[in-house]
$ cat start.csv   # CSV, C-alpha atoms
chain,number,residue,atom,x,y,z
R,1,MET,CA,129.3,96.9,97.0
R,2,ALA,CA,129.6,100.7,96.8
R,3,ASP,CA,130.8,102.6,99.9
R,4,SER,CA,127.5,104.5,100.0
R,5,ASP,CA,125.6,101.2,100.5
R,6,GLN,CA,127.7,100.1,103.5
R,7,THR,CA,126.7,100.7,107.1
R,8,GLN,CA,129.6,102.3,109.0
R,9,ILE,CA,130.8,100.5,112.1
R,10,ILE,CA,132.6,102.9,114.4
R,11,LEU,CA,134.9,101.3,117.0
R,12,GLY,CA,135.6,103.2,120.2
R,13,SER,CA,138.8,102.8,122.1
R,14,ASN,CA,139.7,99.4,123.7
R,15,VAL,CA,137.1,97.5,121.7
R,16,SER,CA,139.5,95.6,119.4
R,17,ASP,CA,139.2,92.6,121.8
R,18,LEU,CA,135.5,92.4,121.1
R,19,ILE,CA,135.9,91.8,117.4
R,20,GLY,CA,137.3,88.3,117.8
R,21,GLN,CA,134.4,87.2,119.8
R,22,ASP,CA,131.1,85.8,118.4
R,23,ARG,CA,129.0,88.8,119.2
R,24,ILE,CA,129.4,92.6,119.6
R,25,HIS,CA,127.3,94.9,121.7
R,26,CYS,CA,126.4,97.9,119.5
R,27,LEU,CA,124.2,101.0,119.5
R,28,GLU,CA,122.5,101.2,116.1
R,29,MET,CA,121.3,104.7,115.0
R,30,THR,CA,118.6,104.5,112.4
R,31,THR,CA,117.4,107.1,109.9
R,32,GLY,CA,114.1,106.0,108.4
R,33,LEU,CA,114.6,102.5,107.1
R,34,ASP,CA,118.4,102.4,107.3
R,35,VAL,CA,120.9,101.6,110.1
R,36,GLU,CA,123.0,104.7,109.5
R,37,GLU,CA,125.8,103.9,112.0
R,38,ARG,CA,126.8,101.3,114.5
R,39,TYR,CA,128.9,102.1,117.5
R,40,ALA,CA,130.6,99.2,119.4
R,41,ILE,CA,130.3,99.5,123.2
R,42,SER,CA,133.3,98.8,125.4
R,43,ALA,CA,134.1,99.0,129.1
R,44,VAL,CA,135.5,102.5,128.5
R,45,GLY,CA,132.1,103.4,127.1
R,46,LEU,CA,130.6,106.0,124.7
R,47,GLU,CA,129.7,109.5,125.6
R,48,ILE,CA,126.7,110.9,123.7
R,49,GLY,CA,126.3,114.7,123.4
R,50,ARG,CA,125.6,117.6,121.0
R,51,VAL,CA,129.2,118.6,120.4
R,52,PRO,CA,132.7,117.0,120.4
R,53,PRO,CA,134.5,115.5,122.3
R,54,ALA,CA,131.4,113.3,122.6
R,55,ASP,CA,132.0,109.9,121.0
R,56,ILE,CA,128.5,110.1,119.4
R,57,VAL,CA,127.7,113.6,118.3
R,58,ILE,CA,124.0,114.3,117.8
R,59,SER,CA,123.3,117.8,116.4
R,60,ASP,CA,119.9,118.4,118.0
R,61,VAL,CA,118.8,121.3,120.2
R,62,GLN,CA,117.1,118.8,122.5
R,63,VAL,CA,120.4,117.1,123.2
R,64,SER,CA,122.7,118.5,125.9
R,65,ARG,CA,126.4,119.1,125.3
R,66,SER,CA,127.3,116.1,127.5
R,67,HIS,CA,124.0,114.1,127.5
R,68,CYS,CA,124.6,110.5,128.7
R,69,ARG,CA,127.2,107.7,128.8
R,70,VAL,CA,126.8,104.1,127.6
R,71,GLN,CA,129.2,101.5,128.8
R,72,MET,CA,129.7,97.8,129.7
R,73,LYS,CA,129.6,96.9,133.4
R,74,ASP,CA,129.8,93.2,134.5
R,75,GLY,CA,128.7,92.0,131.1
R,76,ALA,CA,125.7,94.3,130.8
R,77,VAL,CA,125.2,97.6,129.0
R,78,VAL,CA,124.4,100.5,131.3
R,79,VAL,CA,123.2,104.0,130.5
R,80,THR,CA,124.0,106.9,132.8
R,81,ASP,CA,122.4,110.3,132.3
R,82,LEU,CA,124.9,113.2,132.7
R,83,GLY,CA,122.4,115.7,134.0
R,84,SER,CA,120.8,116.4,130.6
R,85,THR,CA,118.2,119.1,130.3
R,86,ASN,CA,115.6,117.1,128.3
R,87,GLY,CA,116.3,113.6,129.7
R,88,THR,CA,117.5,110.2,128.4
R,89,PHE,CA,114.8,107.6,127.9
R,90,ILE,CA,114.9,103.8,127.6
R,91,ASP,CA,111.7,102.3,126.0
R,92,GLY,CA,109.9,105.5,127.0
R,93,LYS,CA,111.0,105.6,130.6
R,94,ARG,CA,113.3,108.4,131.8
R,95,VAL,CA,116.7,107.4,133.1
R,96,GLU,CA,117.4,108.3,136.6
R,97,GLY,CA,121.1,107.8,137.5
R,98,SER,CA,122.4,104.6,135.9
R,99,VAL,CA,120.0,102.1,134.3
R,100,MET,CA,120.6,98.8,132.4
R,101,LEU,CA,119.9,98.9,128.7
R,102,PRO,CA,118.6,95.4,127.7
R,103,VAL,CA,119.3,93.9,124.3
R,104,GLY,CA,116.6,95.1,121.8
R,105,SER,CA,115.7,98.2,123.9
R,106,MET,CA,115.5,101.6,122.4
R,107,LEU,CA,117.5,104.5,123.7
R,108,ALA,CA,115.8,107.9,122.9
R,109,ILE,CA,117.9,111.1,123.0
R,110,GLY,CA,116.1,114.2,121.7
R,111,SER,CA,114.4,113.1,118.5
R,112,HIS,CA,117.0,110.4,117.8
R,113,LYS,CA,116.8,106.7,118.6
R,114,LEU,CA,119.6,104.1,119.1
R,115,LYS,CA,118.8,100.5,119.5
R,116,HIS,CA,121.0,98.1,121.6
R,117,ALA,CA,121.9,95.2,119.4
R,118,TRP,CA,124.1,92.2,120.2
R,119,ARG,CA,125.1,90.9,116.8
R,120,THR,CA,127.4,88.5,115.1
R,121,PRO,CA,129.2,89.7,111.9
R,122,ALA,CA,126.8,87.4,109.9
R,123,GLU,CA,123.8,89.1,111.5
R,124,ILE,CA,125.2,92.5,110.8
R,125,GLU,CA,125.5,91.6,107.1
R,126,LYS,CA,122.0,90.1,106.9
R,127,ASN,CA,120.5,93.1,108.7
R,128,ASP,CA,122.2,95.4,106.2
R,129,ASP,CA,120.9,93.4,103.3
R,130,PHE,CA,117.3,93.6,104.8
R,131,SER,CA,117.6,97.3,105.3
R,132,ARG,CA,118.6,97.8,101.6
R,133,GLU,CA,115.7,95.6,100.5
R,134,LEU,CA,113.3,97.8,102.5
R,135,GLN,CA,114.9,101.0,101.1
R,136,ARG,CA,114.3,99.7,97.5
R,137,ALA,CA,110.7,98.8,98.4
R,138,THR,CA,109.9,102.2,99.9
R,139,ALA,CA,111.7,104.0,97.0
R,140,TYR,CA,109.4,102.1,94.6
R,141,VAL,CA,106.3,103.0,96.6
R,142,ARG,CA,107.3,106.7,96.6
R,143,SER,CA,107.9,106.7,92.9
R,144,LEU,CA,104.2,105.7,92.4
R,145,LEU,CA,102.7,108.4,94.7
R,146,PRO,CA,101.2,111.4,92.9
R,147,PRO,CA,102.9,114.8,93.2
R,148,PRO,CA,101.4,117.5,95.5
R,149,SER,CA,99.0,119.8,93.5
R,150,ARG,CA,98.3,123.5,93.9
R,151,GLU,CA,95.9,123.7,91.0
R,152,ALA,CA,92.1,124.0,91.1
R,153,PRO,CA,89.6,122.4,91.5
R,154,ILE,CA,91.4,120.2,94.0
R,155,ARG,CA,94.7,121.1,95.8
R,156,ALA,CA,96.6,118.2,97.4
R,157,ASP,CA,99.3,117.9,100.0
R,158,TRP,CA,100.6,114.8,101.7
R,159,VAL,CA,103.1,113.3,104.0
R,160,TYR,CA,104.4,109.7,103.6
R,161,GLU,CA,106.9,108.6,106.2
R,162,PRO,CA,107.5,104.8,106.3
R,163,SER,CA,108.4,103.2,109.6
R,164,ALA,CA,111.6,101.3,110.2
R,165,LYS,CA,109.7,98.1,109.5
R,166,LEU,CA,107.9,99.5,106.4
R,167,GLY,CA,104.2,98.9,106.2
R,168,GLY,CA,101.7,98.6,103.4
R,169,ASP,CA,100.4,102.1,103.1
R,170,ALA,CA,99.7,103.6,99.6
R,171,PHE,CA,97.4,106.3,98.2
R,172,GLY,CA,96.5,108.2,95.1
R,173,TYR,CA,94.3,110.8,93.6
R,174,GLY,CA,93.6,112.3,90.1
R,175,GLN,CA,91.1,113.0,87.4
R,176,LEU,CA,88.7,110.3,86.2
R,177,SER,CA,86.8,112.4,83.6
R,178,ASP,CA,86.2,116.1,82.8
R,179,THR,CA,84.0,116.5,85.9
R,180,THR,CA,85.1,113.7,88.3
R,181,TYR,CA,88.2,113.2,90.5
R,182,VAL,CA,89.2,110.3,92.6
R,183,GLY,CA,91.1,109.9,95.9
R,184,TYR,CA,91.9,106.8,97.8
R,185,LEU,CA,94.1,105.3,100.6
R,186,ILE,CA,94.9,101.7,101.3
R,187,ASP,CA,96.6,100.1,104.3
R,188,VAL,CA,97.8,96.5,104.0
R,189,ALA,CA,98.1,94.6,107.3
R,190,GLY,CA,101.6,93.8,108.4
R,191,HIS,CA,105.1,95.1,107.7
R,192,GLY,CA,108.0,94.4,105.4
R,193,ALA,CA,108.6,94.2,101.7
R,194,SER,CA,105.7,91.8,101.1
R,195,ALA,CA,103.1,94.2,102.6
R,196,ALA,CA,104.6,97.1,100.6
R,197,MET,CA,104.6,95.1,97.3
R,198,HIS,CA,101.0,94.0,97.9
R,199,ALA,CA,100.1,97.7,98.3
R,200,VAL,CA,102.0,98.5,95.1
R,201,SER,CA,100.0,95.8,93.2
R,202,ILE,CA,96.7,97.2,94.4
R,203,MET,CA,97.7,100.8,93.6
R,204,ASN,CA,98.8,99.9,90.1
R,205,ASN,CA,95.4,98.3,89.4
R,206,LEU,CA,93.7,101.5,90.7
R,207,ARG,CA,96.0,103.8,88.7
R,208,GLN,CA,95.5,101.8,85.5
R,209,LYS,CA,91.7,101.5,86.1
R,210,ALA,CA,92.2,97.7,85.6
R,211,LEU,CA,89.3,96.4,87.7
R,212,PRO,CA,87.1,94.0,85.6
R,213,GLY,CA,83.3,94.8,85.8
R,214,ALA,CA,83.8,97.9,88.0
R,215,ASP,CA,82.8,101.5,87.2
R,216,MET,CA,85.7,103.5,88.7
R,217,ARG,CA,83.2,106.3,89.5
R,218,ARG,CA,81.2,104.0,91.8
R,219,PRO,CA,83.2,103.4,95.1
R,220,GLY,CA,81.2,100.4,96.2
R,221,GLU,CA,81.9,98.6,92.9
R,222,VAL,CA,85.6,99.4,93.1
R,223,LEU,CA,86.0,98.0,96.6
R,224,ALA,CA,83.9,94.9,95.6
R,225,ALA,CA,86.2,94.3,92.6
R,226,LEU,CA,89.3,94.7,94.8
R,227,ASN,CA,87.9,92.3,97.3
R,228,ASN,CA,87.4,89.6,94.7
R,229,MET,CA,90.8,90.2,93.1
R,230,TYR,CA,92.8,90.1,96.4
R,231,GLN,CA,91.4,87.3,98.5
R,232,MET,CA,93.8,86.7,101.4
R,233,ASP,CA,93.9,82.9,100.9
R,234,GLU,CA,95.3,83.5,97.5
R,235,HIS,CA,97.8,86.2,98.6
R,236,ALA,CA,99.8,84.7,101.4
R,237,GLY,CA,97.2,85.8,104.1
R,238,LEU,CA,97.5,89.5,103.2
R,239,TYR,CA,94.4,91.7,103.6
R,240,PHE,CA,93.9,95.4,103.7
R,241,THR,CA,91.6,98.3,104.5
R,242,ALA,CA,90.7,101.0,102.1
R,243,TRP,CA,88.9,104.3,101.7
R,244,TYR,CA,87.8,105.4,98.1
R,245,GLY,CA,86.0,108.6,97.1
R,246,VAL,CA,84.9,110.2,93.8
R,247,TYR,CA,84.1,113.9,93.6
R,248,ASP,CA,81.7,115.4,91.1
R,249,THR,CA,82.8,119.0,90.4
R,250,GLU,CA,79.4,120.1,89.0
R,251,ALA,CA,77.3,118.7,91.8
R,252,ARG,CA,80.0,119.3,94.5
R,253,ARG,CA,79.2,115.8,95.7
R,254,LEU,CA,81.6,113.3,97.1
R,255,ASP,CA,80.6,109.6,96.8
R,256,TYR,CA,82.6,107.3,99.0
R,257,ALA,CA,83.0,103.8,100.5
R,258,SER,CA,85.3,102.2,103.0
R,259,GLY,CA,86.3,98.7,103.6
R,260,GLY,CA,87.3,98.0,107.2
R,261,HIS,CA,88.9,101.5,107.4
R,262,HIS,CA,88.4,104.3,109.9
R,263,PRO,CA,86.7,107.4,108.6
R,264,THR,CA,88.1,110.0,106.3
R,265,TYR,CA,87.1,113.4,107.7
R,266,LEU,CA,85.6,116.5,105.9
R,267,VAL,CA,86.5,119.8,107.6
R,268,PRO,CA,84.8,123.0,106.4
R,269,PRO,CA,86.7,126.3,106.0
R,270,SER,CA,85.5,127.4,109.5
R,271,ARG,CA,87.1,124.4,111.1
R,272,SER,CA,83.9,124.2,113.2
R,273,ALA,CA,83.7,120.4,112.9
R,274,ALA,CA,85.3,117.3,111.5
R,275,ILE,CA,82.6,115.2,109.7
R,276,PRO,CA,83.3,111.5,109.5
R,277,MET,CA,82.9,109.7,106.2
R,278,ARG,CA,82.7,106.0,106.6
R,279,THR,CA,80.6,103.1,105.4
R,280,ARG,CA,80.5,99.9,107.5
R,281,ASN,CA,82.0,97.2,105.3
R,282,VAL,CA,84.3,94.3,105.9
R,283,ILE,CA,88.0,94.4,105.4
R,284,ILE,CA,89.1,93.7,101.9
R,285,GLY,CA,90.3,90.1,101.1
R,286,ALA,CA,88.4,88.3,103.9
R,287,MET,CA,85.4,87.0,102.1
R,288,PRO,CA,84.6,86.8,98.4
R,289,GLU,CA,81.5,88.2,96.5
R,290,MET,CA,80.7,90.9,99.1
R,291,THR,CA,78.6,94.0,98.5
R,292,PHE,CA,80.2,97.2,99.7
R,293,ARG,CA,77.8,100.0,100.7
R,294,GLU,CA,78.6,103.6,99.7
R,295,ALA,CA,77.4,107.1,100.7
R,296,SER,CA,77.5,110.7,99.6
R,297,MET,CA,78.5,114.0,101.1
R,298,HIS,CA,78.1,117.6,99.9
R,299,VAL,CA,81.4,119.4,99.8
R,300,PRO,CA,81.4,123.2,100.6
R,301,GLU,CA,83.8,125.5,98.8
R,302,GLY,CA,87.1,125.6,100.5
R,303,ALA,CA,86.5,122.4,102.5
R,304,SER,CA,89.2,119.8,103.0
R,305,ILE,CA,89.2,116.0,103.4
R,306,TYR,CA,91.8,114.2,105.5
R,307,MET,CA,92.6,110.6,104.4
R,308,PHE,CA,95.1,108.8,106.7
R,309,SER,CA,96.4,105.5,107.9
R,310,ASP,CA,96.1,104.3,111.5
R,311,GLY,CA,99.8,105.0,112.1
R,312,VAL,CA,98.9,108.7,112.2
R,313,TYR,CA,97.0,108.5,115.4
R,314,GLU,CA,98.0,105.3,117.2
R,315,ILE,CA,100.6,106.9,119.4
R,316,VAL,CA,101.3,107.4,123.1
R,317,ASP,CA,102.1,111.0,123.8
R,318,THR,CA,104.7,112.4,126.2
R,319,ASP,CA,102.1,112.4,129.0
R,320,ASP,CA,101.6,108.6,128.6
R,321,HIS,CA,98.2,109.1,127.0
R,322,GLN,CA,97.2,106.6,124.4
R,323,TRP,CA,95.7,108.5,121.5
R,324,ASN,CA,92.6,107.6,119.6
R,325,LEU,CA,90.7,109.2,116.8
R,326,LYS,CA,89.1,111.9,119.0
R,327,ASP,CA,92.6,113.1,119.9
R,328,PHE,CA,93.6,113.3,116.3
R,329,VAL,CA,90.4,115.1,115.3
R,330,LYS,CA,91.3,117.8,117.9
R,331,LEU,CA,94.6,118.2,116.2
R,332,MET,CA,93.0,118.3,112.8
R,333,LEU,CA,90.8,121.3,113.9
R,334,GLU,CA,93.6,123.4,115.2
R,335,PRO,CA,94.3,126.6,113.3
R,336,PRO,CA,96.5,126.4,110.2
R,337,ILE,CA,100.1,127.8,110.2
R,338,ASP,CA,101.0,130.4,107.6
R,339,GLY,CA,103.6,129.1,105.2
R,340,VAL,CA,103.2,125.5,106.3
R,341,ASN,CA,101.1,123.0,104.3
R,342,GLU,CA,98.4,121.3,106.3
R,343,ALA,CA,99.8,117.7,106.0
R,344,VAL,CA,103.2,118.9,107.3
R,345,ARG,CA,101.6,120.9,110.1
R,346,ILE,CA,99.9,117.7,111.4
R,347,TYR,CA,103.0,115.5,110.9
R,348,ASP,CA,105.2,117.9,112.9
R,349,ALA,CA,102.6,118.2,115.7
R,350,VAL,CA,102.3,114.4,116.0
R,351,ARG,CA,106.1,113.9,116.1
R,352,HIS,CA,106.4,116.6,118.7
R,353,ARG,CA,103.6,115.2,121.0
R,354,ALA,CA,104.4,111.4,120.6
R,355,ARG,CA,106.9,109.4,122.5
R,356,PRO,CA,109.5,108.5,119.8
R,357,GLU,CA,109.3,104.7,120.3
R,358,THR,CA,105.5,104.8,119.6
R,359,LEU,CA,105.9,106.1,116.1
R,360,ASP,CA,106.4,102.5,114.9
R,361,ASP,CA,104.0,102.4,112.0
R,362,ASP,CA,103.8,104.1,108.6
R,363,PHE,CA,102.6,107.7,108.7
R,364,SER,CA,100.4,108.4,105.6
R,365,LEU,CA,98.3,111.5,105.5
R,366,VAL,CA,96.6,113.1,102.4
R,367,VAL,CA,94.8,116.5,102.6
R,368,LEU,CA,92.6,117.4,99.6
R,369,THR,CA,91.1,120.9,99.5
R,370,PHE,CA,88.2,121.6,97.2
R,371,ASP,CA,88.1,125.1,95.5
$ encode --input "start.csv" --output "C-alpha cells"
Amino acid sequence: MADSDQTQIILGSNVSDLIGQDRIHCLEMTTGLDVEERYAISAVGLEIGRVPPADIVISDVQVSRSHCRVQMKDGAVVVTDLGSTNGTFIDGKRVEGSVMLPVGSMLAIGSHKLKHAWRTPAEIEKNDDFSRELQRATAYVRSLLPPPSREAPIRADWVYEPSAKLGGDAFGYGQLSDTTYVGYLIDVAGHGASAAMHAVSIMNNLRQKALPGADMRRPGEVLAALNNMYQMDEHAGLYFTAWYGVYDTEARRLDYASGGHHPTYLVPPSRSAAIPMRTRNVIIGAMPEMTFREASMHVPEGASIYMFSDGVYEIVDTDDHQWNLKDFVKLMLEPPIDGVNEAVRIYDAVRHRARPETLDDDFSLVVLTFD
C-alpha cells in the first residue's frame, strides 16, 4: 500500500500504553470522504488550536490560538473549551466549561469536524478500506459530470460536494440536436458505493441515450422508460427521484417532468421571483408501467434554472432553524456576487449558515443560464 493511501495515526505523549489494549480512543479528522488523520487521546490530553504548540493545529481564522483541550478522565473523553472566541461544539451544542464527548459524537471547531471513535486496530483497517472505496466511487462519479460551460446559448455552473457517506446524486446537461438541449438531475435514495454506482448506471443510460422506446426530447417518455428499467425490486430496493428538462432554442420553451423530486426553479434576470417547475409523478422504480406527466415553461433571455438535490436545503442553521424550500428560495433570490459563479455563491452561503454537523448529505447544485 502506498504511503499516500494510508491514514496517519498520530500518538500523543503517554499513549503507548493504549496500543496494547483492544481499543483506542481517537479523534478522527475528516476531509470529504477520507479520514485524514487520527489522534489518540490519553490522560495527558490533546490541545487544539490555530498555531503550535497545540497538539492538533487547525489553520482556520475561526479557530482560536488555544481553542480547547480533549483528554481522558475516569475512562471518559472530556472536552474543555479554553475561552475560544467562536466556541467549541459537540453535536451542535456549545461547550460550556468541561463536557463529556460520547463515542460517535462530532466535535466541531470552526469549519472542521472531529469524530470521537473507539476502535480496534482491525476496525481502523476496515474503516480505511471503506474510505478508499468511497473515494474511488466519488472519483468515478466526478469523471462523468459535464464540465462547466461559458458558451451560448446555455451557460452552466455547478457544485458537487459528496457527503462523508457518499449519496447517489448525479446530473448532466448537453446538446440533443441543433436546436434542443437537455438538463437533468437524479438523486438515488440511500448512501454508500451502491447508491453512487446506481446513479452512475442511470447517468450512463441518459448520456448514451440508451432508453428503448423513449424520445429523449420528451421528458415524460424518458422518466417512464427509466422507471421501467430500474424497478426497485430488481435493483436491491434502490429507487430515485429525478428532474429532466429539454430546452428548444427556437421557441425558447423548456419542456420538463419530475419523478418524486422537488421543483427546479426558474429565476428571471430581475430576480423578482423563483418560479417552481415540477410535475406530480411517483418516485422512479416504485411501480412499473407508469405514465409521467410533463409541462412547459417559456424561458426569458438571461433567465437561469436551478436544479439541486435535497442535501442543498435540508440543513439546520446556526440559529437552530430547520430549513425548507422557502428558505432556500430566499437565498436563491439574493443578489449575485461579482467574480463568483452562482453555484459557488450559494454553496458558500449554505456552508456559512448551516451548523456543520447538519451538512450530512450530498450537495449537488446546477445553475443553467439561457442567453
$ atom_distance --input "start.csv" --atom1 "atom CA of R:Val141" --atom2 "atom CA of R:Asn205"
13.9 Å
$ atom_distance --input "start.csv" --atom1 "atom CA of R:His112" --atom2 "atom CA of R:His191"
21.9 Å
$ residues_around --input "start.csv" --residues "R:Pro269" --least-positions-apart "6" --cutoff "10 Å" --atoms "only C-alpha atoms" --output "ChimeraX atom specification"
/R:300-304,369
$ atom_distance --input "start.csv" --atom1 "atom CA of R:Tyr306" --atom2 "atom CA of R:Thr318"
24.5 Å
$ residues_around --input "start.csv" --residues "R:Glu234" --least-positions-apart "5" --cutoff "12 Å" --atoms "only C-alpha atoms" --output "list in words"
His198, Asn227, Asn228, Met229, Tyr239, Gly285, Ala286, Met287 and Pro288 of chain R
$ residues_near_point --input "start.csv" --point "(75.3, 109.5, 98.8)" --cutoff "9 Å" --atoms "all atoms listed in the file" --output "PDB file with C-alpha atoms, keeping the file's coordinate frame"
ATOM      1  CA  ARG R 253      79.200 115.800  95.700  1.00  0.00           C
ATOM      2  CA  LEU R 254      81.600 113.300  97.100  1.00  0.00           C
ATOM      3  CA  ASP R 255      80.600 109.600  96.800  1.00  0.00           C
ATOM      4  CA  TYR R 256      82.600 107.300  99.000  1.00  0.00           C
ATOM      5  CA  GLU R 294      78.600 103.600  99.700  1.00  0.00           C
ATOM      6  CA  ALA R 295      77.400 107.100 100.700  1.00  0.00           C
ATOM      7  CA  SER R 296      77.500 110.700  99.600  1.00  0.00           C
ATOM      8  CA  MET R 297      78.500 114.000 101.100  1.00  0.00           C
ATOM      9  CA  HIS R 298      78.100 117.600  99.900  1.00  0.00           C
TER      10      HIS R 298
END
$ residues_around --input "start.csv" --residues "R:Leu368" --least-positions-apart "2" --cutoff "8 Å" --atoms "all atoms listed in the file" --output "PyMOL selection string"
chain R and resi 154-157+304-306+366+370
$ residues_around --input "start.csv" --residues "stretch 51-67 of chain R" --least-positions-apart "6" --cutoff "9 Å" --atoms "all atoms listed in the file" --output "list in words"
Gly12, Tyr39, Gly45, Thr80, Asp81, Leu82, Gly83, Ser84, Thr85, Asn86, Gly87, Thr88, Ile109, Gly110, Ser111 and His112 of chain R
$ residues_around --input "start.csv" --residues "R:Ala117" --least-positions-apart "6" --cutoff "8 Å" --atoms "all atoms listed in the file" --output "compact mmCIF listing (two decimals) with C-alpha atoms, in the coordinates of the input"
# COMPACT_ATOMS: atom_id res chain seq x y z
CA ILE R 24 129.40 92.60 119.60
CA HIS R 25 127.30 94.90 121.70
CA CYS R 26 126.40 97.90 119.50
CA LEU R 27 124.20 101.00 119.50
CA GLU R 28 122.50 101.20 116.10
CA VAL R 103 119.30 93.90 124.30
CA GLY R 104 116.60 95.10 121.80
$ residues_near_point --input "start.csv" --point "(100.6, 98.2, 94.0)" --cutoff "12 Å" --atoms "only C-alpha atoms" --output "number ranges by chain"
R: 137-138, 140-145, 168-172, 185-188, 193-208, 210, 226, 230
$ closest_residue --input "start.csv" --among "R:Arg278, R:His235, R:His321, R:Lys93" --to "R:Met106" --atoms "all atoms listed in the file"
R:Lys93
$ closest_residue --input "start.csv" --among "R:Pro336, R:Pro121, R:Gly260, R:Pro212" --to "R:Arg293" --atoms "all atoms listed in the file"
R:Gly260
$ closest_residue --input "start.csv" --among "R:Lys326, R:Trp158, R:Val44, R:Ala251" --to "R:Val340" --atoms "all atoms listed in the file"
R:Trp158
$ closest_residue --input "start.csv" --among "R:Val79, R:Leu107, R:Ile283, R:Val222" --to "R:Asp91" --atoms "all atoms listed in the file"
R:Leu107
